[in-house]
Structure formats: structure tokens, C-alpha cells
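Coordinates as given in structure37.csv (CSV, C-alpha atoms):
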chain,number,residue,atom,x,y,z
A,1,MET,CA,163.3,56.8,109.0
A,2,SER,CA,165.1,59.2,106.7
A,3,THR,CA,166.6,57.7,103.5
A,4,LEU,CA,169.1,59.3,101.2
A,5,LEU,CA,169.3,58.1,97.6
A,6,ILE,CA,172.6,58.9,96.0
A,7,GLY,CA,171.9,59.0,92.2
A,8,GLY,CA,168.2,58.7,92.9
A,9,GLY,CA,167.2,61.0,90.1
A,10,GLY,CA,167.9,58.3,87.5
A,11,TYR,CA,165.7,55.6,86.0
A,12,ILE,CA,165.8,53.1,88.8
A,13,GLY,CA,165.7,55.8,91.5
A,14,SER,CA,162.6,57.4,90.0
A,15,HIS,CA,160.8,54.0,90.6
A,16,LEU,CA,162.4,53.4,93.9
A,17,VAL,CA,161.4,56.7,95.5
A,18,PRO,CA,157.6,55.9,95.5
A,19,VAL,CA,158.3,52.5,96.9
A,20,LEU,CA,160.3,54.0,99.8
A,21,LYS,CA,157.7,56.7,100.4
A,22,ALA,CA,155.0,54.0,100.6
A,23,SER,CA,157.0,52.3,103.3
A,24,GLY,CA,156.7,55.4,105.4
A,25,ARG,CA,160.2,56.8,104.8
A,26,LEU,CA,161.2,60.4,104.4
A,27,VAL,CA,163.3,60.5,101.1
A,28,THR,CA,166.0,62.8,99.9
A,29,VAL,CA,167.6,62.4,96.5
A,30,LEU,CA,171.1,63.6,95.8
A,31,GLY,CA,172.0,64.2,92.1
A,32,ARG,CA,174.5,66.2,90.0
A,33,ARG,CA,171.9,67.8,87.7
A,34,ALA,CA,170.1,71.0,88.4
A,35,GLN,CA,166.9,69.0,88.0
A,36,PRO,CA,166.6,65.2,88.3
A,37,ALA,CA,166.7,63.4,85.0
A,38,TYR,CA,163.4,61.7,85.8
A,39,SER,CA,160.5,63.3,87.6
A,40,LEU,CA,160.1,62.8,91.3
A,41,PRO,CA,157.2,63.3,93.7
A,42,ALA,CA,156.7,66.9,94.7
A,43,ASP,CA,157.2,66.1,98.4
A,44,VAL,CA,160.6,64.5,97.9
A,45,ALA,CA,163.6,66.7,98.6
A,46,TYR,CA,166.0,67.0,95.7
A,47,VAL,CA,169.6,68.2,96.4
A,48,GLN,CA,171.8,69.2,93.6
A,49,GLY,CA,175.4,68.2,94.4
A,50,ASP,CA,178.2,65.8,93.8
A,51,PHE,CA,178.6,63.1,96.4
A,52,ALA,CA,182.3,63.4,95.9
A,53,ASP,CA,182.0,66.8,97.7
A,54,GLU,CA,182.5,65.7,101.3
A,55,ALA,CA,180.9,68.8,102.7
A,56,VAL,CA,177.7,68.1,100.9
A,57,LEU,CA,177.9,64.4,101.7
A,58,CYS,CA,178.5,64.9,105.4
A,59,ARG,CA,175.7,67.5,105.8
A,60,LEU,CA,173.2,64.9,104.3
A,61,LEU,CA,174.5,62.0,106.3
A,62,ASP,CA,174.0,63.9,109.5
A,63,THR,CA,170.3,63.9,109.0
A,64,HIS,CA,169.7,60.5,107.3
A,65,GLN,CA,169.9,57.0,108.9
A,66,GLU,CA,169.9,55.0,105.6
A,67,VAL,CA,171.7,55.4,102.3
A,68,ILE,CA,171.0,53.7,99.0
A,69,HIS,CA,174.0,54.2,96.7
A,70,LEU,CA,172.8,54.2,93.1
A,71,ALA,CA,175.2,56.6,91.5
A,72,TYR,CA,177.7,55.6,88.9
A,73,ALA,CA,179.5,57.8,86.4
A,74,SER,CA,179.9,55.4,83.5
A,75,VAL,CA,178.5,52.4,81.7
A,76,PRO,CA,180.5,49.3,80.6
A,77,ASN,CA,181.4,50.6,77.1
A,78,THR,CA,182.6,54.0,78.4
A,79,SER,CA,184.6,52.4,81.2
A,80,TYR,CA,186.4,50.3,78.6
A,81,ASP,CA,187.4,53.5,76.8
A,82,ASP,CA,188.9,55.1,79.9
A,83,PRO,CA,189.3,52.7,82.8
A,84,LEU,CA,191.4,55.0,85.0
A,85,ASN,CA,188.7,57.7,84.8
A,86,ASP,CA,186.1,55.0,85.7
A,87,LEU,CA,188.1,54.2,88.8
A,88,ARG,CA,188.7,57.8,89.9
A,89,GLN,CA,185.1,58.9,89.4
A,90,ASN,CA,183.5,56.0,91.2
A,91,LEU,CA,185.9,54.5,93.7
A,92,TYR,CA,187.3,57.5,95.6
A,93,PRO,CA,184.0,59.1,96.5
A,94,ALA,CA,182.5,55.8,97.5
A,95,ILE,CA,185.3,55.1,100.0
A,96,ALA,CA,184.6,58.6,101.5
A,97,LEU,CA,180.9,57.6,101.8
A,98,PHE,CA,181.8,54.3,103.5
A,99,THR,CA,184.0,56.2,106.0
A,100,GLU,CA,181.5,58.8,106.9
A,101,LEU,CA,178.5,56.5,107.1
A,102,ALA,CA,180.4,54.0,109.3
A,103,ALA,CA,181.3,56.9,111.7
A,104,ARG,CA,177.6,57.8,112.0
A,105,ASN,CA,176.4,54.1,112.4
A,106,GLY,CA,174.2,54.5,109.3
A,107,ARG,CA,172.9,51.7,107.1
A,108,LEU,CA,173.8,51.3,103.4
A,109,VAL,CA,172.4,49.4,100.4
A,110,LEU,CA,175.2,49.3,97.8
A,111,VAL,CA,173.6,48.7,94.4
A,112,SER,CA,176.3,46.9,92.5
A,113,SER,CA,176.1,45.1,89.1
A,114,GLY,CA,174.9,41.5,88.7
A,115,GLY,CA,175.6,41.8,85.0
A,116,THR,CA,179.3,42.5,85.1
A,117,VAL,CA,180.9,41.4,88.4
A,118,TYR,CA,180.7,37.7,87.7
A,119,GLY,CA,182.3,37.8,84.2
A,120,ASN,CA,181.7,34.8,81.9
A,121,ALA,CA,179.5,32.4,83.8
A,122,LEU,CA,180.7,28.8,84.6
A,123,SER,CA,177.1,27.8,85.2
A,124,VAL,CA,173.6,29.5,85.1
A,125,PRO,CA,171.6,30.7,86.8
A,126,ILE,CA,174.4,32.4,88.8
A,127,ARG,CA,174.4,32.2,92.6
A,128,GLU,CA,176.1,34.8,94.8
A,129,ASP,CA,178.9,32.4,95.6
A,130,HIS,CA,179.8,32.1,91.9
A,131,PRO,CA,183.4,33.2,91.1
A,132,THR,CA,183.8,36.8,90.2
A,133,HIS,CA,186.1,37.5,87.2
A,134,PRO,CA,184.8,40.7,85.6
A,135,ILE,CA,186.0,41.4,82.0
A,136,SER,CA,185.2,45.2,81.9
A,137,PRO,CA,186.7,48.0,83.9
A,138,TYR,CA,183.1,48.8,85.0
A,139,GLY,CA,182.7,45.3,86.5
A,140,VAL,CA,186.2,45.5,88.1
A,141,THR,CA,185.3,48.8,89.8
A,142,LYS,CA,181.9,47.6,90.9
A,143,LEU,CA,183.5,44.5,92.5
A,144,THR,CA,186.1,46.7,94.1
A,145,LEU,CA,183.4,48.8,95.7
A,146,GLU,CA,181.9,45.6,97.2
A,147,HIS,CA,185.3,44.6,98.6
A,148,TYR,CA,185.8,48.0,100.2
A,149,ALA,CA,182.3,47.9,101.7
A,150,ASN,CA,183.2,44.6,103.3
A,151,LEU,CA,186.5,45.9,104.4
A,152,TYR,CA,184.8,48.8,106.2
A,153,ALA,CA,182.2,46.4,107.7
A,154,VAL,CA,185.0,44.3,109.2
A,155,THR,CA,187.3,47.2,110.3
A,156,ARG,CA,184.9,50.1,111.1
A,157,GLY,CA,181.5,48.5,111.6
A,158,LEU,CA,179.8,49.7,108.4
A,159,GLN,CA,176.3,48.3,108.2
A,160,TYR,CA,175.7,47.4,104.6
A,161,VAL,CA,173.9,45.1,102.3
A,162,CYS,CA,174.9,44.6,98.7
A,163,VAL,CA,172.4,44.1,95.8
A,164,ARG,CA,173.5,42.8,92.4
A,165,PRO,CA,170.6,43.6,90.1
A,166,ALA,CA,169.8,42.2,86.6
A,167,ASN,CA,168.9,44.4,83.7
A,168,ALA,CA,166.0,46.7,84.5
A,169,TYR,CA,163.4,47.5,81.9
A,170,GLY,CA,160.0,49.0,81.8
A,171,VAL,CA,158.0,52.2,81.6
A,172,GLY,CA,160.1,55.3,81.7
A,173,GLN,CA,163.3,53.9,80.3
A,174,ARG,CA,164.5,56.2,77.6
A,175,PRO,CA,165.3,54.4,74.4
A,176,PHE,CA,168.4,56.3,73.2
A,177,ALA,CA,170.4,56.7,76.3
A,178,GLY,CA,173.0,54.0,75.8
A,179,GLN,CA,171.6,51.5,78.2
A,180,GLY,CA,168.5,49.3,78.2
A,181,PHE,CA,168.2,46.9,75.3
A,182,ILE,CA,164.4,46.5,75.4
A,183,ALA,CA,163.7,50.3,75.3
A,184,ALA,CA,166.4,50.8,72.7
A,185,ALA,CA,165.0,48.0,70.4
A,186,MET,CA,161.5,49.3,70.7
A,187,GLY,CA,162.5,52.9,70.2
A,188,ALA,CA,164.5,52.0,67.0
A,189,ALA,CA,161.6,50.0,65.6
A,190,LEU,CA,159.2,52.9,66.3
A,191,ARG,CA,161.6,55.2,64.4
A,192,ARG,CA,161.6,52.6,61.5
A,193,LYS,CA,165.3,51.8,62.1
A,194,SER,CA,166.9,48.4,62.4
A,195,VAL,CA,167.9,47.1,65.8
A,196,GLY,CA,171.6,46.5,66.3
A,197,ILE,CA,172.7,43.2,67.9
A,198,PHE,CA,176.4,42.4,68.7
A,199,GLY,CA,177.0,39.0,67.3
A,200,GLU,CA,174.7,36.4,65.8
A,201,ILE,CA,172.2,36.1,68.7
A,202,GLY,CA,173.6,38.9,70.9
A,203,THR,CA,174.1,38.4,74.6
A,204,VAL,CA,171.9,36.5,77.0
A,205,ARG,CA,170.6,38.6,79.9
A,206,ASP,CA,168.2,38.5,82.8
A,207,TYR,CA,165.5,41.1,82.5
A,208,LEU,CA,163.6,42.4,85.5
A,209,TYR,CA,160.7,44.9,85.4
A,210,VAL,CA,161.8,48.1,87.1
A,211,GLU,CA,159.0,48.1,89.7
A,212,ASP,CA,160.0,44.6,90.8
A,213,MET,CA,163.6,45.8,91.0
A,214,ALA,CA,162.6,48.7,93.2
A,215,CYS,CA,160.7,46.4,95.5
A,216,GLY,CA,163.6,44.0,95.7
A,217,ILE,CA,166.0,46.8,96.8
A,218,LEU,CA,163.5,47.8,99.5
A,219,HIS,CA,163.3,44.2,100.7
A,220,ALA,CA,167.1,44.1,100.9
A,221,LEU,CA,167.1,47.3,102.9
A,222,GLU,CA,164.4,46.2,105.3
A,223,TYR,CA,165.2,42.5,105.7
A,224,GLY,CA,168.6,41.8,104.2
A,225,LYS,CA,171.3,40.5,106.6
A,226,ALA,CA,174.3,42.7,107.4
A,227,SER,CA,177.3,42.3,105.0
A,228,GLU,CA,175.4,39.9,102.8
A,229,THR,CA,175.1,40.1,99.0
A,230,TYR,CA,171.9,39.4,97.1
A,231,ASN,CA,171.2,38.8,93.5
A,232,LEU,CA,168.1,40.5,92.2
A,233,GLY,CA,166.7,39.0,89.0
A,234,SER,CA,164.2,36.9,87.3
A,235,GLY,CA,166.3,33.8,86.8
A,236,ILE,CA,165.3,33.6,83.1
A,237,GLY,CA,167.9,34.1,80.4
A,238,LEU,CA,167.0,35.7,77.1
A,239,SER,CA,169.3,36.5,74.2
A,240,ASN,CA,168.8,39.7,72.2
A,241,ILE,CA,167.3,37.6,69.4
A,242,ASP,CA,164.9,36.0,72.0
A,243,VAL,CA,163.8,39.4,73.0
A,244,ILE,CA,163.3,40.5,69.4
A,245,GLU,CA,161.2,37.5,68.7
A,246,ALA,CA,159.0,38.1,71.7
A,247,MET,CA,158.7,41.7,70.7
A,248,ARG,CA,157.8,41.2,67.1
A,249,PRO,CA,154.1,40.3,67.6
A,250,LEU,CA,153.7,43.1,70.1
A,251,MET,CA,155.0,45.6,67.6
A,252,LEU,CA,153.0,44.2,64.8
A,253,GLU,CA,149.9,44.8,66.9
A,254,VAL,CA,150.6,48.5,66.4
A,255,GLY,CA,151.7,48.2,62.8
A,256,ILE,CA,155.4,48.1,63.3
A,257,LYS,CA,157.7,45.6,61.6
A,258,MET,CA,161.2,45.0,63.1
A,259,ALA,CA,164.5,44.6,61.3
A,260,VAL,CA,167.8,43.4,62.8
A,261,GLU,CA,171.3,44.5,62.0
A,262,HIS,CA,174.1,42.2,63.2
A,263,LEU,CA,177.3,44.0,64.4
A,264,PRO,CA,180.7,42.6,65.5
A,265,GLU,CA,180.8,41.1,68.9
A,266,ARG,CA,182.5,43.3,71.7
A,267,ALA,CA,185.3,41.8,73.8
A,268,PHE,CA,184.0,43.3,77.0
A,269,ASP,CA,180.4,41.9,76.7
A,270,VAL,CA,179.7,39.0,79.1
A,271,LYS,CA,178.0,36.4,76.9
A,272,VAL,CA,175.6,34.9,79.3
A,273,ASN,CA,174.3,36.4,82.6
A,274,VAL,CA,171.3,35.0,84.4
A,275,LEU,CA,170.9,35.5,88.1
A,276,ASP,CA,169.6,33.1,90.8
A,277,ALA,CA,167.7,35.3,93.3
A,278,THR,CA,166.7,32.4,95.6
A,279,LYS,CA,168.6,33.9,98.5
A,280,LEU,CA,166.8,37.2,98.3
A,281,ARG,CA,163.4,35.4,98.1
A,282,VAL,CA,164.0,33.1,101.0
A,283,GLU,CA,165.6,35.6,103.4
A,284,THR,CA,163.4,38.7,102.6
A,285,GLY,CA,160.2,37.4,101.1
A,286,TRP,CA,160.6,39.3,97.8
A,287,GLU,CA,158.9,38.0,94.7
A,288,PRO,CA,158.7,39.6,91.2
A,289,GLU,CA,155.1,40.3,90.1
A,290,ILE,CA,155.3,41.5,86.5
A,291,LEU,CA,155.6,38.9,83.8
A,292,PHE,CA,158.0,39.6,80.9
A,293,VAL,CA,155.4,40.0,78.2
A,294,GLU,CA,153.2,42.2,80.4
A,295,GLY,CA,156.2,44.4,81.1
A,296,MET,CA,157.0,44.6,77.4
A,297,VAL,CA,153.4,45.7,76.6
A,298,ARG,CA,153.6,48.4,79.3
A,299,THR,CA,156.9,49.6,77.9
A,300,ARG,CA,155.6,49.6,74.3
A,301,ASP,CA,152.5,51.6,75.1
A,302,TRP,CA,154.5,54.2,77.0
A,303,LEU,CA,157.0,54.6,74.2
A,304,LEU,CA,154.1,54.9,71.7
A,305,GLU,CA,152.9,57.8,73.8
A,306,VAL,CA,156.2,59.6,74.4
A,307,LEU,CA,157.5,59.2,70.8
A,308,GLY,CA,154.3,60.4,69.3
A,309,GLU,CA,153.7,57.3,67.2
Step by step, read the file and then write its structure as C-alpha cells.
Amino acid sequence: MSTLLIGGGGYIGSHLVPVLKASGRLVTVLGRRAQPAYSLPADVAYVQGDFADEAVLCRLLDTHQEVIHLAYASVPNTSYDDPLNDLRQNLYPAIALFTELAARNGRLVLVSSGGTVYGNALSVPIREDHPTHPISPYGVTKLTLEHYANLYAVTRGLQYVCVRPANAYGVGQRPFAGQGFIAAAMGAALRRKSVGIFGEIGTVRDYLYVEDMACGILHALEYGKASETYNLGSGIGLSNIDVIEAMRPLMLEVGIKMAVEHLPERAFDVKVNVLDATKLRVETGWEPEILFVEGMVRTRDWLLEVLGE
């Protein structure tokens, strides 16, 4: 089986590639950079190109039976600054992908966003049938991609599964890249800077170790039912302050004290997001393996090494 990872040179992709290879797949990664942002195994083909380029896309789809769509051109705060650009950069090429993949009878895993498509939760943990009322352009576009995938499934036979992941964290997550609270907080502390939190306690999020997330995506690919949507998370909600308090003793072990700076709340931040992944567990057999504190220790030790502390 040949699998194409669109946007597979990023953080999640770099952990997903080894999992796919271990399952016996031949893997190709498509990314915009001349070199992937994160290192990939030597025997994995890397193609530089924009998946908005239909010639590049079609050439790759002709030789791959599966596609995992990880690429996205913005994050929630940048999408808020320019919502039209968020829509143009992400929706148009995805529709072309759906069209071409359906014509080739290929299989798609659409990696959406469990943190933004639901909006402000009515109850937690959130199940897949919870109402979806996103409050950021990022979330609106992600949800629109899901709707178009379903449209193409109904009208053109697109074989797809949608995964809504929680917040990935773990070894390899760069601390100053604009995403990833755990890596950012540890990185700031190691640089003797305060950790910024929006509001009194920050937002409540579901954190899942990146290797568990990669395994969950593989389970959805192999065992997920066509046209179904699966949450992928731990089911445990932690506020930014909760994370800091769990982090403090781990950082003190290496001689680092943590300081917190409270910043004004942001209107586009979902206050609470905790995902119920029961459906994925029951239907695919996936189970997370890395406990939160263990994942934090791994992340801390890696950051100590790369930041030279």
C-alpha cells in the first residue's frame, strides 16, 4: 500500500511516518519547503511542492492508494487576522484533492481540528455528535472541509474518514513556533522567561502525546468506517494553570523555577475543549499509552538537550 502524506513534513507527520512504515506501507511526503521542517527516515520519499498545484497533486495521486491530509496554511490566531486568506489557502486546494481522489477511488483520512470545530462546549467530554459552532475562521474552514468531504462522498463516492484530534504534545515539538502550549511553556521557563496565559486560568484543553496521536490516525485509516468522524484525544481536560502546576515540580528537578504572566483573554479562544474518543476506541481498538506526566518528562528532557540547558 502506498500512502501520501500531504503536509507530512510537520510535527505530527514526522511521528506518523514511522508508524505508517511499521505497518508495511510505502510512504511519500508532500511539503512546500525545500526540505521538511522535521527530519524523516532516509527511505521515505519527500516531494517539494504545493498540493494546490493540480499537476503535482495528480501525478502523486496516480501512484498512491491512500492520502492523509495534514496540511493547513494557518493557525487560529492568524486565521482571525485574515479570514479570507485562510479560506483561499485551505479550502480551494482541498476541494481539488477531493475531486481527484474520488475519481481514482482512493482513500482519504482528513485530519480536522477537535479543538476548534465544536466551538464553546455545551457539555464535556465532547462527543462527535456535539453541535459544531466554531468561533474562529480556522474552525469554520476546518468544518467546511469536513462538509465538502461528506458532499463528495455522497455525490462522487469519495472514501474518507475524518479525525478530530486534541492538542498534540511531546518530543520534537518546537517551543517557539506559535503552537503547542506545553513546549512553549517549558521553552520559556528554560530561557528564564515567564509563561504567558490568556485569562486567569487560561483555556482548558485535551492533551495527547504525539505518538499516541499518530497511532490513532493509523487506526482510523485502517479500521475507521467510511464517512465517519472520530475524536482523537485523552478525554482529560487541563487548564493552562493545571499544566503549569503539573510542570513546576518537573522543572524544579532540573533547577528551573516557573513564573506566569496573565494576559487579556482572546475572543476566538474556545474556553473548554475535552474530547470523548470512545467511538475511536470501540470501533478501531485504539488506546493511548503515554501518561501525561510521562509525556511531560520526555518533552522536558528533549528540550533540555536541544536548548543546551
Item to complete: Check the smallest atom-to-atom distance from each of A:Arg174, A:Lys193, A:His219, A:His262 to Tyr11 of chain A using all atoms listed in the file, then report the winner.
Response: A:Arg174
Worksheet item: Any idea what's packed within 10 Å of Thr229 of chain A, counting all atoms listed in the file, ignoring anything in its chain fewer than 4 positions away? Could you give it as JSON, numbers by chain?
Response: {"A": [109, 110, 111, 112, 128, 129, 146, 160, 161, 162, 163, 164, 220, 224, 225, 279, 280]}
Practice prompt. Give me the residues within 10 Å of Glu294 of chain A as a PyMOL selection string, counting all atoms listed in the file and dropping any in the same chain fewer than 4 places off.
Written response: chain A and resi 170+209+290+298-300
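Residues in contact range of Ala246 of chain A, defined as at most 12 Å between only C-alpha atoms, with sequence neighbours fewer than 3 positions away removed, read Ile182, Ala185, Met186, Leu238, Ser239, Asn240, Ile241, Asp242, Val243, Pro249, Leu250, Met251, Leu252, Met258, Phe292, Val293, Glu294, Gly295, Met296 and Val297 of chain A.
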Worksheet item: Counting only C-alpha atoms, which of A:Ala71, A:Val272, A:Leu57, A:Leu84 gets nearest to Thr99 of chain A?
Response: A:Leu57
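A straight line drawn from atom CA of Gly180 of chain A to atom CA of Arg107 of chain A is 29.3 Å long.
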Worksheet item: Given the choices A:Gly285, A:Gly49, A:Pro131, A:Gly157, which gets closest to Gly216 of chain A if the distance is worked out from only C-alpha atoms?
Response: A:Gly285
Neighbours of Leu190 of chain A within 10 Å (all atoms listed in the file; same-chain residues fewer than 6 positions away dropped), as a PDB file with C-alpha atoms, keeping the file's coordinate frame?
ATOM      1  CA  ALA A 184     166.400  50.800  72.700  1.00  0.00           C
ATOM      2  CA  MET A 251     155.000  45.600  67.600  1.00  0.00           C
ATOM      3  CA  VAL A 254     150.600  48.500  66.400  1.00  0.00           C
ATOM      4  CA  GLY A 255     151.700  48.200  62.800  1.00  0.00           C
ATOM      5  CA  ILE A 256     155.400  48.100  63.300  1.00  0.00           C
ATOM      6  CA  LYS A 257     157.700  45.600  61.600  1.00  0.00           C
ATOM      7  CA  MET A 258     161.200  45.000  63.100  1.00  0.00           C
ATOM      8  CA  ARG A 300     155.600  49.600  74.300  1.00  0.00           C
ATOM      9  CA  LEU A 303     157.000  54.600  74.200  1.00  0.00           C
ATOM     10  CA  LEU A 304     154.100  54.900  71.700  1.00  0.00           C
ATOM     11  CA  LEU A 307     157.500  59.200  70.800  1.00  0.00           C
ATOM     12  CA  GLY A 308     154.300  60.400  69.300  1.00  0.00           C
ATOM     13  CA  GLU A 309     153.700  57.300  67.200  1.00  0.00           C
TER      14      GLU A 309
END
With segment 18-31 of chain A as the partner and 10 Å as the cut-off, tabulate the residues of segment 204-308 of chain A that qualify, each row holding the nearest pair of atoms and their distance in Å to one decimal, using only C-alpha atoms, sorted by chain and rising number, as CSV.
residue,atom,partner,partner_atom,distance
A:Glu211,CA,A:Val19,CA,8.5
A:Ala214,CA,A:Val19,CA,6.8
A:Cys215,CA,A:Val19,CA,6.7
A:Ile217,CA,A:Val19,CA,9.6
A:Leu218,CA,A:Leu20,CA,7.0
A:Glu222,CA,A:Ser23,CA,9.8
Worksheet item: Counting all atoms listed in the file, which of A:Val210, A:Ala96, A:Ala188, A:Leu145 gets nearest to Ala166 of chain A?
Response: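 Going through A:Val210, A:Ala96, A:Ala188, A:Leu145 one by one, the smallest distance to Ala166 of chain A is for A:Val210.
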Item to complete: Compare A:Ser123, A:Gln35, A:Asn167, A:Ser194 by their minimum atom-to-atom distance to Phe181 of chain A, counting only C-alpha atoms, and give me the closest one.
Response: A:Asn167
Worksheet item: So how many Å separate atom CA of Gln48 of chain A and atom CA of Pro165 of chain A, to one decimal?
Response: 25.9 Å
Discussion item. Please compute the atom CA of Thr278 of chain A-atom CA of Thr144 of chain A distance, one decimal, in Å.
Written reply: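 Value for the atom CA of Thr278 of chain A-atom CA of Thr144 of chain A distance: 24.1 Å.
Of the listed residues (A:Thr203, A:Asn85, A:Gln173, A:Thr3), A:Thr3 comes nearest to His69 of chain A; the distances count only C-alpha atoms.
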Discussion item. For Ser234 of chain A, find every residue with an atom within 7 Å (counting all atoms listed in the file), except residues of its own chain fewer than 4 positions away, and show them as a list of chain:residue names.
Written reply: A:Asp206, A:Tyr207, A:Leu208, A:Leu275
Please rebuild segment 107-121 of chain A with N, CA and C atoms and return the result as a PDB file, in the frame of the given file.
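Wrote it out as result.pdb, contents follow:
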ATOM      1  N   ARG A 107     173.077  52.945 107.832  1.00  0.00           N
ATOM      2  CA  ARG A 107     172.900  51.700 107.100  1.00  0.00           C
ATOM      3  C   ARG A 107     172.935  51.976 105.600  1.00  0.00           C
ATOM      4  N   LEU A 108     173.581  51.084 104.857  1.00  0.00           N
ATOM      5  CA  LEU A 108     173.800  51.300 103.400  1.00  0.00           C
ATOM      6  C   LEU A 108     173.311  50.110 102.614  1.00  0.00           C
ATOM      7  N   VAL A 109     172.653  50.433 101.496  1.00  0.00           N
ATOM      8  CA  VAL A 109     172.400  49.400 100.400  1.00  0.00           C
ATOM      9  C   VAL A 109     173.309  49.855  99.272  1.00  0.00           C
ATOM     10  N   LEU A 110     174.270  49.025  98.948  1.00  0.00           N
ATOM     11  CA  LEU A 110     175.200  49.300  97.800  1.00  0.00           C
ATOM     12  C   LEU A 110     174.590  48.523  96.614  1.00  0.00           C
ATOM     13  N   VAL A 111     174.146  49.271  95.607  1.00  0.00           N
ATOM     14  CA  VAL A 111     173.600  48.700  94.400  1.00  0.00           C
ATOM     15  C   VAL A 111     174.773  48.450  93.440  1.00  0.00           C
ATOM     16  N   SER A 112     175.155  47.211  93.266  1.00  0.00           N
ATOM     17  CA  SER A 112     176.300  46.900  92.500  1.00  0.00           C
ATOM     18  C   SER A 112     175.867  46.516  91.046  1.00  0.00           C
ATOM     19  N   SER A 113     176.400  45.443  90.470  1.00  0.00           N
ATOM     20  CA  SER A 113     176.100  45.100  89.100  1.00  0.00           C
ATOM     21  C   SER A 113     176.096  43.561  88.939  1.00  0.00           C
ATOM     22  N   GLY A 114     174.922  42.947  88.882  1.00  0.00           N
ATOM     23  CA  GLY A 114     174.900  41.500  88.700  1.00  0.00           C
ATOM     24  C   GLY A 114     175.314  41.121  87.261  1.00  0.00           C
ATOM     25  N   GLY A 115     175.241  42.069  86.340  1.00  0.00           N
ATOM     26  CA  GLY A 115     175.600  41.800  85.000  1.00  0.00           C
ATOM     27  C   GLY A 115     177.044  41.772  84.628  1.00  0.00           C
ATOM     28  N   THR A 116     177.882  42.366  85.501  1.00  0.00           N
ATOM     29  CA  THR A 116     179.300  42.500  85.100  1.00  0.00           C
ATOM     30  C   THR A 116     180.272  41.929  86.156  1.00  0.00           C
ATOM     31  N   VAL A 117     179.905  41.845  87.427  1.00  0.00           N
ATOM     32  CA  VAL A 117     180.900  41.400  88.400  1.00  0.00           C
ATOM     33  C   VAL A 117     181.277  39.961  88.303  1.00  0.00           C
ATOM     34  N   TYR A 118     180.374  39.135  87.774  1.00  0.00           N
ATOM     35  CA  TYR A 118     180.700  37.700  87.700  1.00  0.00           C
ATOM     36  C   TYR A 118     181.573  37.364  86.516  1.00  0.00           C
ATOM     37  N   GLY A 119     181.517  38.160  85.453  1.00  0.00           N
ATOM     38  CA  GLY A 119     182.300  37.800  84.200  1.00  0.00           C
ATOM     39  C   GLY A 119     181.554  36.674  83.510  1.00  0.00           C
ATOM     40  N   ASN A 120     182.287  35.926  82.720  1.00  0.00           N
ATOM     41  CA  ASN A 120     181.700  34.800  81.900  1.00  0.00           C
ATOM     42  C   ASN A 120     181.327  33.678  82.872  1.00  0.00           C
ATOM     43  N   ALA A 121     180.050  33.314  82.827  1.00  0.00           N
ATOM     44  CA  ALA A 121     179.500  32.400  83.800  1.00  0.00           C
ATOM     45  C   ALA A 121     180.026  30.945  83.558  1.00  0.00           C
TER      46      ALA A 121
END
